Structure formats: C-alpha cells, structure tokens
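Okay, so here's the structure we're looking at.
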Protein chains: 2
Amino acid sequence: MVPVKKTDRSQSGATIYDVARVAGVSAMTVSRVMNRNTYVSETTRDKVTAAAASLNYQVNTAARAARVGTLGVGLLYSNPSSAYMSAFLVGAMERCSQSGGQLILERCDDMRSQRNAIARLIANGADGILVPPPLCDSKSALKQLDQIGMPTVAIATGRPLAGVSAVRIDDYAGAMAMMQYLLSLGHKDIAFVQGDPLHTPAQLRYQAYLDAMAQAGLSVAPERVAPGLFTYRSGLNAARQLLGNKSRPTAIFAANDDMAAAVIAVAHGLHLQVPQDLVVCGFDDTPVATAVWPELTTVHQPIGDMARAAVDMLIEQIRRRRAGETAPVQHQLLPFTLITRESSDPAAAPDLLTG
Amino acid sequence: MVPVKKTDRSQSGATIYDVARVAGVSAMTVSRVMNRNTYVSETTRDKVTAAAASLNYQVNTAARAARVGTLGVGLLYSNPSSAYMSAFLVGAMERCSQSGGQLILERCDDMRSQRNAIARLIANGADGILVPPPLCDSKSALKQLDQIGMPTVAIATGRPLAGVSAVRIDDYAGAMAMMQYLLSLGHKDIAFVQGDPLHTPAQLRYQAYLDAMAQAGLSVAPERVAPGLFTYRSGLNAARQLLGNKSRPTAIFAANDDMAAAVIAVAHGLHLQVPQDLVVCGFDDTPVATAVWPELTTVHQPIGDMARAAVDMLIEQIRRRRAGETAPVQHQLLPFTLITRESSDPAAAPDLLTG
DNA sequence: CTGAAAGCGCTTACAG
DNA sequence: CTGAAAGCGCTTACAG
C-alpha cells in the first residue's frame, strides 16, 4: 500500500503556475498580466490570456491579499436606514467580495463629524474611500481626502469636482425626461417638491423642472414649488403646502420617491384619488416606489450598478497608487430610465378604500 | 550610504511570530490557541493569550484564508428590497469582514427554486449557509442542507428544529408584551392583522394576541382578525376589512411594521386620526416605523445583532467541521424591546393635514 | 520585457 | 501537549 500523500492545496481550480506552464512563461509574467502591469509584450500577454481562459483561471484573492495586504475599501455612509443606502451597500459588498476588497464601514451623519469619521476609516485600514450622497457634495470632505492623497470616488454628486473620480447619472436629463412625459400627458399645472438644497442632484432636478416649464411656455407660480429635504416627513409638509389651497396642481413631481410617497398619503387624506385627481411622480426608483399604493412613476437610478462601478474604480486607483503610478481621475455616467406606473396613469389605478 | 532594505511585510501590526517570541513558544502553538484547538495545556494557553493581548495581536484573516481556503458564508436570501433584509445584510456583511468570512449571496424567492439556489451557493464556494426568513421555516430546505452535511444557521424562525442551529427572538413574548401594553392603556376592542400564515413567527404573534385577549377576559369577534402577508399591499386590504364596518376597534395591532404603515394610510383615508381615533402598532422596528407619520409603536427585533450572532455561529461550525469535530447545535435567543411612539400615544400626535 | 529567488502570515502534516 | 519543516498562491525586489 503506497500511502497517498494528502494534498496541501487550499484551492480547487487552476493556479498561477498552471497558467504559466500552459503559456510557457514564468509565474511572474502571469502575475504581471493579471495585474494589468504594462511591462509585458503583447505576444506574451496574449499567450497568458489564452492560457488563463482555457484553464478557467481565477486569481486567488485571498492569497493576493496575504501577500499585498488587504485592499481596504472604506465607505463613509450616512442614513443606513434609507433604501438608497441599502441598495448601495449590497452592490458595493457584492463587488468587493468578487474583487478581493474588504469593505470597511464608518457611519457619518453629521458634517461636523466628517473629519473624525475619515480618520477612523483610515485607522481601520481603508486604502481608499467611497463617498456616497449626501457626503459626496461636501467639498471639505473631498478636499481633506485629496490633501492626504487618499484615493476617492464620489457617488451620485450632481457637480463632480475636476480632481475627484465620480460615478453618477445625469440628474438634469432624468428630471427633464420626467417633465417631458408629464407635459406629453397634457399637464400644464405641475408642482414640484424640492430635495435637500445642499445636495447637488436636488438642484439639478429642480433646474430641469424650471427649464422644462419655461421651454413649454408655462409659467411657474411661487406656490407651486415647495421645499423638501428628501425625507418622508418633509414630503408631508410640502404636500400640505401644495394641496392646501383652493387652486390645486394636476400633477406633483417630487424630487425623490420618499417625498412622493408622502404626497400620496396627504392626497388620500384630502380624499383625492391618485392618479385620477392628482398625478404624483418621484425619482430614484427605490423600493418605496413599488411598496406604496398606487405604485409610483419615477426615474430609475441604477444604484447597485453605480456602487459596483465605484468599487471597481476605487480598487483600480488603489492598485495604481501602490504600483507608484498616478491614477487618472475618471468620471463615469450611467444611464437612467423613466419608469411609468399607476401613479401617473389615469386608466390604471383603483380606489384606496375599496381596492 | 548603506542601502535600506525595503521591508516585504504586508502587515503593520504584530504577527504570530511576535506573539510566539513573547510567549516563549512556537508559532504553531500560537496558531493552535488562536483556532481554539483543544490540544494546548492551560498554562501555555494563558501565556499565549497574555502575549497576544500585550501585543494587541489580531489574526491576519487574509493569510489564514490563503492557507486554508476562503470561509464561504452563503446567504440564501429573498426579497432584497425589504428593510428587514437590508438590516440583516449589513449586519452579516460587517461580521463577515471582521471574521474573514466571505459572504456569498444567492437570491431565492420561490420555494420551488430552493434546491437550485442551494446548489448554486455551494458551487460558488459556500462552506455553510445562513437561512433568514422566510426560508428559515422551510423544512425541505433545512432537511436538504442537513442531508448533505452543510453547516446551517436558521434566523428568526418561530419553531427552531432540534437538529439545526438557530438565532431568534421570542416572538410570542414580544407580541404578548405589546398586548399587555395596549391593555394597560385601557383598550378592550383590539383588532389584529396576521402575517404570512406559513411563517412561524406570524403564528406565534397571533397566538399571543389570542392568549392575551383571553387572559384579559375579552372575546375576539371573527371580524376583528384580518389575514395579511407581511406586505404593505396586504396591509391595505386588511385595514379596509377591519375599518370598513360601522363598529370599529380602538386599536389595531399588525404583525409587522409594513402592514401597520398601511393601516395608518387607510385610517387617514377614512379621516381617522392616529392615535386619537385609532391606535396602531407594528412589530420589528424596521425603518418604516420611523418613516411614517405618526411614528409607530412597535417591538424592536435586533436584526443586525441576530445577523452577527448567526455569522459567528456559522463560522464556528465550519471551523469545527474542518477540524473533523462535530459542531454542536446551538440555539440563541436575543432580547426584544417594546418601543412606544406617537402611534399609540393620545397625548402626542398632531393632525396629518395640518402637521 | 522577463525570470529566479525569497518572502507574506499562516496552517497542514508529521514526528516526537 | 508541542515544534521544525514545508507549503498555500501570490507578489516584492532584484538582476539581467
């Protein structure tokens, strides 16, 4: 009986050595190709790529992390209970585990506590930082990160800084698409609920509303615009203001879904049927959009995709920085989609009390 | 100029060798202590523990993973848009990154697709599986996992199986606490919105409602109980049913927050003020509880803590299994908290339309 | 542009 | 119960 030597391997698939053997090069060269290192001839690169593909080779991110140190992807988040943040977290998490990044979370609600939160994130091993809204619009946070040379990606900011990488949608165009839709439905008296004025996407959405009205030759009375802060609560106040007068708009476009949901609640309280008596639209297409009744017409923002893109960009930046290269600033614009549902469709929706 | 040899280290803190030196033992022994391996004398274990503490040593999970293979923590989830799932995900993710586990997600809404989802999870490298609601109540899923010897932890099931580890709260006691509170407020005519009948916590919450009423000597008319499915939508139907008659209850206890939020919406549609005309309570304390107006009195379920506990239990099981030991089945019960807010407090809440 | 050697921090598989 | 040796899969730091 020849004793079978138990294998010491920790991985089932192909390793870098298998690829090297098949490609007829050294493991080092395979490593270079996998890390997109530039010092490899095109011929060699092609051979390695082909070998890797034929073996279905996947880099062992754990082994890489053991050697290189963990890739700490810091996330400066606020408002963990919002649907927006949840969608973002899931996307970021998913991509991090694929790419071998380790997500490090630090909550930061308060603009004043920013500095501390950034310091804690770095102390906990962050090699780069993801900045989702609303912090993405804080110039002081972004400057602080830039000064210490920390790779950074801002997410969903309306006005990306020239020196900071960003992933976003075109909020202006998204709101404009919604307005064109409402106008095409024949609405002429459209009211607007503003978002947090400090948040640049809120500004752009509002500007698109104003421009669309002007381009259609319609005037906007001051009482047709109500301030909001993106919260359900602020939406209630705005709705009371917009629906409290004798003269009412035929449609209300809220700068996000939470506030649109609040508009529906107040409208129902006034015995107005949505959409028969009042059309209501939101923005973002977060889960509330389909949780409320009737379901909301809104602009879909691909939050998960944005999170994944941001993680990719950040990890690339960290790699480059470690390799001593200067990482280029990247700005990525993802597509939005106008989603029409019951809240704007006069033919569709039944009554709240009877179903 | 003596050239300074650049260090090759990937870690800033102490390593296993530092601890070994300080403790006067081999690195191997330190490794044994860190992995809670039993074959270490108490004296040695104490020396190592002290040395590790003095150096503030943390196991390098990346290096461990490189050697041992990644610890794949599978998560069979459904309904990613629900607030419950988001809170669970954040907790699980946080703990996984601390413990060196890699979270592997697989969606599974449909009971029929279970088998496939489990197979995919394993194909993607899961070494153990976390089963949150509603799948935690699927005996077939749990049995399938048991048969293939896969470490499993069920979360928030009302009736944990003897052979499967579980983390949960006492749903019966939680609902009972809510009922005692409502009874102490003087309510005698309390209605109930049931949760998904296939979900064991829904059954327990309902049973507590019935028992509390009986113990208080109050009868429950059939029209005071409405079926629901835990969704906002089903809560609207239930509320219409409960509030449609001339005779109305003074309080409605819904088996979760989403349905309680729907009850409030319908009540407002009927010009009933909450809590003045009707008290409304929920269960779980998910974000909707504080997003709606008035804010919901509810039972807090520590979802994040439950996720963290479940991850710890699962990782421990996987480790034991790899070490060839049999992992004991563990059942952990976490505490709930009754949270009283405006929706049950007659003194607190103002009117929907005037704020 | 490419490779041989050494090492990351940890654990497996022995041997005592 | 404890340790010396070898190895996990990958990358750093050289050298050519």
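Going through the structure tokens in order, the chains are called A, B, and so on, while each chain numbers its residues from 1 and the ligands are numbered from 1 in the order shown.
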Neighbours of chain A in chain C at 7 Å, counting only C-alpha atoms (C1' of nucleotides), as a tab-separated table (two decimals) with N, CA and C atoms (P, O5', C5', C4', C3', O3' and C1' of nucleotides), in the first residue's frame:
chain	number	residue	atom	x	y	z
C	1	DC	P	7.85	46.87	-23.23
C	1	DC	O5'	8.28	45.41	-22.79
C	1	DC	C5'	8.05	44.33	-23.64
C	1	DC	C4'	9.00	43.25	-23.21
C	1	DC	C3'	8.35	42.22	-22.28
C	1	DC	O3'	8.44	40.95	-22.92
C	1	DC	C1'	10.46	42.96	-21.44
C	3	DG	P	9.64	34.49	-18.82
C	3	DG	O5'	10.69	34.37	-17.62
C	3	DG	C5'	12.06	34.16	-17.92
C	3	DG	C4'	12.86	34.13	-16.65
C	3	DG	C3'	12.30	33.19	-15.57
C	3	DG	O3'	13.38	32.44	-15.07
C	3	DG	C1'	12.60	35.36	-14.67
C	8	DC	P	8.66	37.66	5.48
C	8	DC	O5'	7.14	37.94	5.13
C	8	DC	C5'	6.75	39.13	4.45
C	8	DC	C4'	5.29	39.01	4.10
C	8	DC	C3'	4.48	38.37	5.21
C	8	DC	O3'	3.87	39.42	5.96
C	8	DC	C1'	3.97	37.41	3.05
C	9	DG	P	4.20	39.50	7.52
C	9	DG	O5'	3.11	38.53	8.12
C	9	DG	C5'	1.72	38.78	7.86
C	9	DG	C4'	0.97	37.49	8.02
C	9	DG	C3'	1.13	36.84	9.41
C	9	DG	O3'	-0.16	36.69	9.96
C	9	DG	C1'	1.47	35.27	7.66
C	12	DT	P	-5.07	23.81	8.81
C	12	DT	O5'	-4.28	22.63	8.08
C	12	DT	C5'	-4.15	22.65	6.66
C	12	DT	C4'	-3.03	21.73	6.25
C	12	DT	C3'	-3.16	20.31	6.81
C	12	DT	O3'	-2.99	19.39	5.73
C	12	DT	C1'	-1.03	21.19	7.32
### Task
List every residue of region 86-315 of chain B that DSSP, applied to the backbone of this structure, assigns to alpha helix (DSSP H), and report them as an MDAnalysis selection string.
chainID B and resid 86:99 114:123 139:147 171:184 200:215 232:243 257:269 288:291 303:315
Sort by chain and increasing residue number a table of all residues of chain B within 9 Å of chain A, each with its closest pair of atoms and their distance in Å to one decimal, counting only C-alpha atoms, and write it as CSV.
residue,atom,partner,partner_atom,distance
B:Asp8,CA,A:Arg67,CA,8.8
B:Arg9,CA,A:Arg67,CA,8.0
B:Ser10,CA,A:Gly69,CA,4.8
B:Gln11,CA,A:Gly69,CA,6.3
B:Asn60,CA,A:Ala66,CA,8.0
B:Thr61,CA,A:Ala66,CA,8.2
B:Ala62,CA,A:Ala66,CA,4.9
B:Ala63,CA,A:Ala66,CA,4.3
B:Arg64,CA,A:Ala66,CA,7.9
B:Ala65,CA,A:Ala62,CA,5.6
B:Ala66,CA,A:Ala63,CA,4.3
B:Arg67,CA,A:Ser10,CA,6.0
B:Val68,CA,A:Ser10,CA,5.5
B:Gly69,CA,A:Ser10,CA,4.8
B:Thr70,CA,A:Ala62,CA,6.9
B:Pro80,CA,A:Ala87,CA,8.6
B:Ser81,CA,A:Pro287,CA,5.7
B:Ser82,CA,A:Pro287,CA,7.6
B:Ala83,CA,A:Ala83,CA,7.4
B:Ser86,CA,A:Ser86,CA,5.7
B:Ala87,CA,A:Ser81,CA,7.9
B:Leu89,CA,A:Val90,CA,7.6
B:Val90,CA,A:Leu89,CA,7.6
B:Met93,CA,A:Met93,CA,7.5
B:Glu94,CA,A:Leu105,CA,7.8
B:Ser97,CA,A:Gln102,CA,6.5
B:Gln102,CA,A:Ser97,CA,6.5
B:Leu103,CA,A:Ser97,CA,7.1
B:Ile104,CA,A:Glu94,CA,8.0
B:Leu105,CA,A:Glu94,CA,7.9
B:Thr231,CA,A:Ala291,CA,8.1
B:Tyr232,CA,A:Ala291,CA,6.3
B:Arg233,CA,A:Ala291,CA,7.1
B:Leu236,CA,A:Leu352,CA,8.0
B:Asn237,CA,A:Gly355,CA,7.2
B:Ala239,CA,A:Leu353,CA,8.9
B:Arg240,CA,A:Leu353,CA,6.0
B:Gly244,CA,A:Leu353,CA,8.4
B:Asp258,CA,A:Ala291,CA,9.0
B:Ala262,CA,A:Val292,CA,8.5
B:Ala265,CA,A:Ala265,CA,6.4
B:Val266,CA,A:Leu353,CA,6.7
B:Ala267,CA,A:Gly269,CA,8.8
B:His268,CA,A:Gly269,CA,5.2
B:Gly269,CA,A:Gly269,CA,4.9
B:Leu270,CA,A:Gly269,CA,7.5
B:His271,CA,A:Gly269,CA,6.5
B:Thr286,CA,A:Ser81,CA,8.3
B:Pro287,CA,A:Ser81,CA,5.6
B:Val288,CA,A:Ser81,CA,8.8
B:Ala291,CA,A:Tyr232,CA,6.2
B:Val292,CA,A:Tyr232,CA,7.1
B:Trp293,CA,A:Arg233,CA,7.3
B:Leu352,CA,A:Val266,CA,7.1
B:Leu353,CA,A:Arg240,CA,6.0
B:Thr354,CA,A:Arg240,CA,7.0
B:Gly355,CA,A:Asn237,CA,7.1
### Message
Need the shell around Pro133 (chain B): protein/DNA/RNA residues with any atom at most 8 Å away, counting only C-alpha atoms (C1' of nucleotides). Skip same-chain ones fewer than 3 positions apart. Format as a PyMOL selection string?
### Response
chain B and resi 77+136-137+155-157+199
Please dump the current selection as a compact mmCIF listing (two decimals), in the first residue's frame; keep all heavy atoms.
# COMPACT_ATOMS: atom_id res chain seq x y z
N TYR B 77 -31.08 34.40 0.32
CA TYR B 77 -31.99 35.47 0.70
C TYR B 77 -33.12 35.65 -0.30
O TYR B 77 -33.03 35.24 -1.44
CB TYR B 77 -31.22 36.77 0.87
CG TYR B 77 -30.81 37.43 -0.42
CD1 TYR B 77 -31.46 38.58 -0.87
CD2 TYR B 77 -29.78 36.93 -1.19
CE1 TYR B 77 -31.10 39.19 -2.05
CE2 TYR B 77 -29.40 37.54 -2.37
CZ TYR B 77 -30.07 38.67 -2.79
OH TYR B 77 -29.71 39.27 -3.97
N CYS B 136 -36.22 30.21 6.44
CA CYS B 136 -35.86 29.51 7.68
C CYS B 136 -36.97 28.58 8.13
O CYS B 136 -36.75 27.68 8.94
CB CYS B 136 -35.57 30.52 8.78
SG CYS B 136 -36.97 31.63 9.09
N ASP B 137 -38.19 28.80 7.63
CA ASP B 137 -39.30 27.95 8.03
C ASP B 137 -39.57 26.82 7.04
O ASP B 137 -40.53 26.07 7.20
CB ASP B 137 -40.58 28.78 8.18
CG ASP B 137 -40.62 29.47 9.52
OD1 ASP B 137 -40.10 28.90 10.50
OD2 ASP B 137 -41.17 30.58 9.60
N ILE B 155 -32.38 31.76 10.89
CA ILE B 155 -32.56 33.02 11.60
C ILE B 155 -34.04 33.38 11.69
O ILE B 155 -34.76 33.35 10.70
CB ILE B 155 -31.81 34.17 10.89
CG1 ILE B 155 -30.31 33.94 10.98
CG2 ILE B 155 -32.15 35.52 11.53
CD1 ILE B 155 -29.72 33.34 9.75
N ALA B 156 -34.47 33.75 12.91
CA ALA B 156 -35.82 34.25 13.13
C ALA B 156 -36.91 33.26 12.74
O ALA B 156 -37.93 33.64 12.20
CB ALA B 156 -36.02 35.57 12.40
N THR B 157 -36.67 32.02 13.04
CA THR B 157 -37.74 31.06 12.88
C THR B 157 -38.48 30.95 14.21
O THR B 157 -37.87 31.08 15.27
CB THR B 157 -37.21 29.67 12.46
OG1 THR B 157 -38.29 28.76 12.40
CG2 THR B 157 -36.19 29.14 13.45
N HIS B 199 -45.35 31.48 7.93
CA HIS B 199 -44.19 31.96 8.67
C HIS B 199 -44.43 31.76 10.16
O HIS B 199 -45.35 32.34 10.72
CB HIS B 199 -43.98 33.43 8.32
CG HIS B 199 -42.62 33.93 8.65
ND1 HIS B 199 -42.30 35.26 8.68
CD2 HIS B 199 -41.50 33.27 9.00
CE1 HIS B 199 -41.04 35.41 9.02
NE2 HIS B 199 -40.53 34.21 9.21
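For region 164-170 of chain A, the set of protein, DNA and RNA residues having any atom at most 7 Å away, when counting only C-alpha atoms (C1' of nucleotides) and skipping those fewer than 4 positions along the same chain, is Thr152, Val153, Ala154, Ile155, Ala156, Thr157, Pro160, Gly174, Met306, Ala310, Val329, Gln330, His331, Gln332, Leu333, Leu334, Pro335 and Phe336 of chain A.
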### Message
as a VMD selection string, please: every residue in region 169-291 of chain A that a backbone DSSP assignment puts in strand (DSSP E or B).
### Response
chain A and resid 169 190 to 193 225 to 226 251 to 254 279 to 281 284
Write a file of the just-selected residues containing N, CA and C atoms, as a PDB file, in the first residue's frame.
ATOM      1  N   ILE A 169     -25.435  59.619 -12.382  1.00  0.00           N
ATOM      2  CA  ILE A 169     -26.344  59.673 -13.516  1.00  0.00           C
ATOM      3  C   ILE A 169     -26.517  61.143 -13.868  1.00  0.00           C
ATOM      4  N   ILE A 190     -48.098  71.901 -13.164  1.00  0.00           N
ATOM      5  CA  ILE A 190     -47.278  70.891 -12.488  1.00  0.00           C
ATOM      6  C   ILE A 190     -46.533  71.537 -11.321  1.00  0.00           C
ATOM      7  N   ALA A 191     -46.673  70.937 -10.138  1.00  0.00           N
ATOM      8  CA  ALA A 191     -45.956  71.458  -8.968  1.00  0.00           C
ATOM      9  C   ALA A 191     -44.710  70.621  -8.713  1.00  0.00           C
ATOM     10  N   PHE A 192     -43.808  71.157  -7.904  1.00  0.00           N
ATOM     11  CA  PHE A 192     -42.538  70.466  -7.652  1.00  0.00           C
ATOM     12  C   PHE A 192     -42.199  70.484  -6.167  1.00  0.00           C
ATOM     13  N   VAL A 193     -41.746  69.335  -5.664  1.00  0.00           N
ATOM     14  CA  VAL A 193     -41.235  69.272  -4.292  1.00  0.00           C
ATOM     15  C   VAL A 193     -39.722  69.158  -4.369  1.00  0.00           C
ATOM     16  N   VAL A 225     -44.136  75.543  -5.934  1.00  0.00           N
ATOM     17  CA  VAL A 225     -42.861  74.927  -5.549  1.00  0.00           C
ATOM     18  C   VAL A 225     -42.776  74.872  -4.031  1.00  0.00           C
ATOM     19  N   ALA A 226     -42.542  73.694  -3.479  1.00  0.00           N
ATOM     20  CA  ALA A 226     -42.429  73.548  -2.024  1.00  0.00           C
ATOM     21  C   ALA A 226     -41.067  72.972  -1.664  1.00  0.00           C
ATOM     22  N   ALA A 251     -50.623  67.798 -11.310  1.00  0.00           N
ATOM     23  CA  ALA A 251     -49.552  66.816 -11.123  1.00  0.00           C
ATOM     24  C   ALA A 251     -48.523  67.374 -10.151  1.00  0.00           C
ATOM     25  N   ILE A 252     -47.942  66.494  -9.345  1.00  0.00           N
ATOM     26  CA  ILE A 252     -46.853  66.904  -8.455  1.00  0.00           C
ATOM     27  C   ILE A 252     -45.662  65.995  -8.729  1.00  0.00           C
ATOM     28  N   PHE A 253     -44.543  66.615  -9.013  1.00  0.00           N
ATOM     29  CA  PHE A 253     -43.293  65.896  -9.257  1.00  0.00           C
ATOM     30  C   PHE A 253     -42.411  66.125  -8.032  1.00  0.00           C
ATOM     31  N   ALA A 254     -42.155  65.068  -7.285  1.00  0.00           N
ATOM     32  CA  ALA A 254     -41.312  65.187  -6.091  1.00  0.00           C
ATOM     33  C   ALA A 254     -39.893  64.759  -6.444  1.00  0.00           C
ATOM     34  N   VAL A 279     -51.874  63.499 -10.308  1.00  0.00           N
ATOM     35  CA  VAL A 279     -50.782  62.612 -10.706  1.00  0.00           C
ATOM     36  C   VAL A 279     -49.589  62.903  -9.806  1.00  0.00           C
ATOM     37  N   VAL A 280     -48.912  61.844  -9.344  1.00  0.00           N
ATOM     38  CA  VAL A 280     -47.751  62.018  -8.454  1.00  0.00           C
ATOM     39  C   VAL A 280     -46.568  61.228  -9.014  1.00  0.00           C
ATOM     40  N   CYS A 281     -45.412  61.864  -9.083  1.00  0.00           N
ATOM     41  CA  CYS A 281     -44.211  61.187  -9.577  1.00  0.00           C
ATOM     42  C   CYS A 281     -43.040  61.390  -8.639  1.00  0.00           C
ATOM     43  N   ASP A 284     -35.742  58.144  -8.415  1.00  0.00           N
ATOM     44  CA  ASP A 284     -34.771  57.173  -7.871  1.00  0.00           C
ATOM     45  C   ASP A 284     -35.198  55.717  -8.071  1.00  0.00           C
TER      46      ASP A 284
END
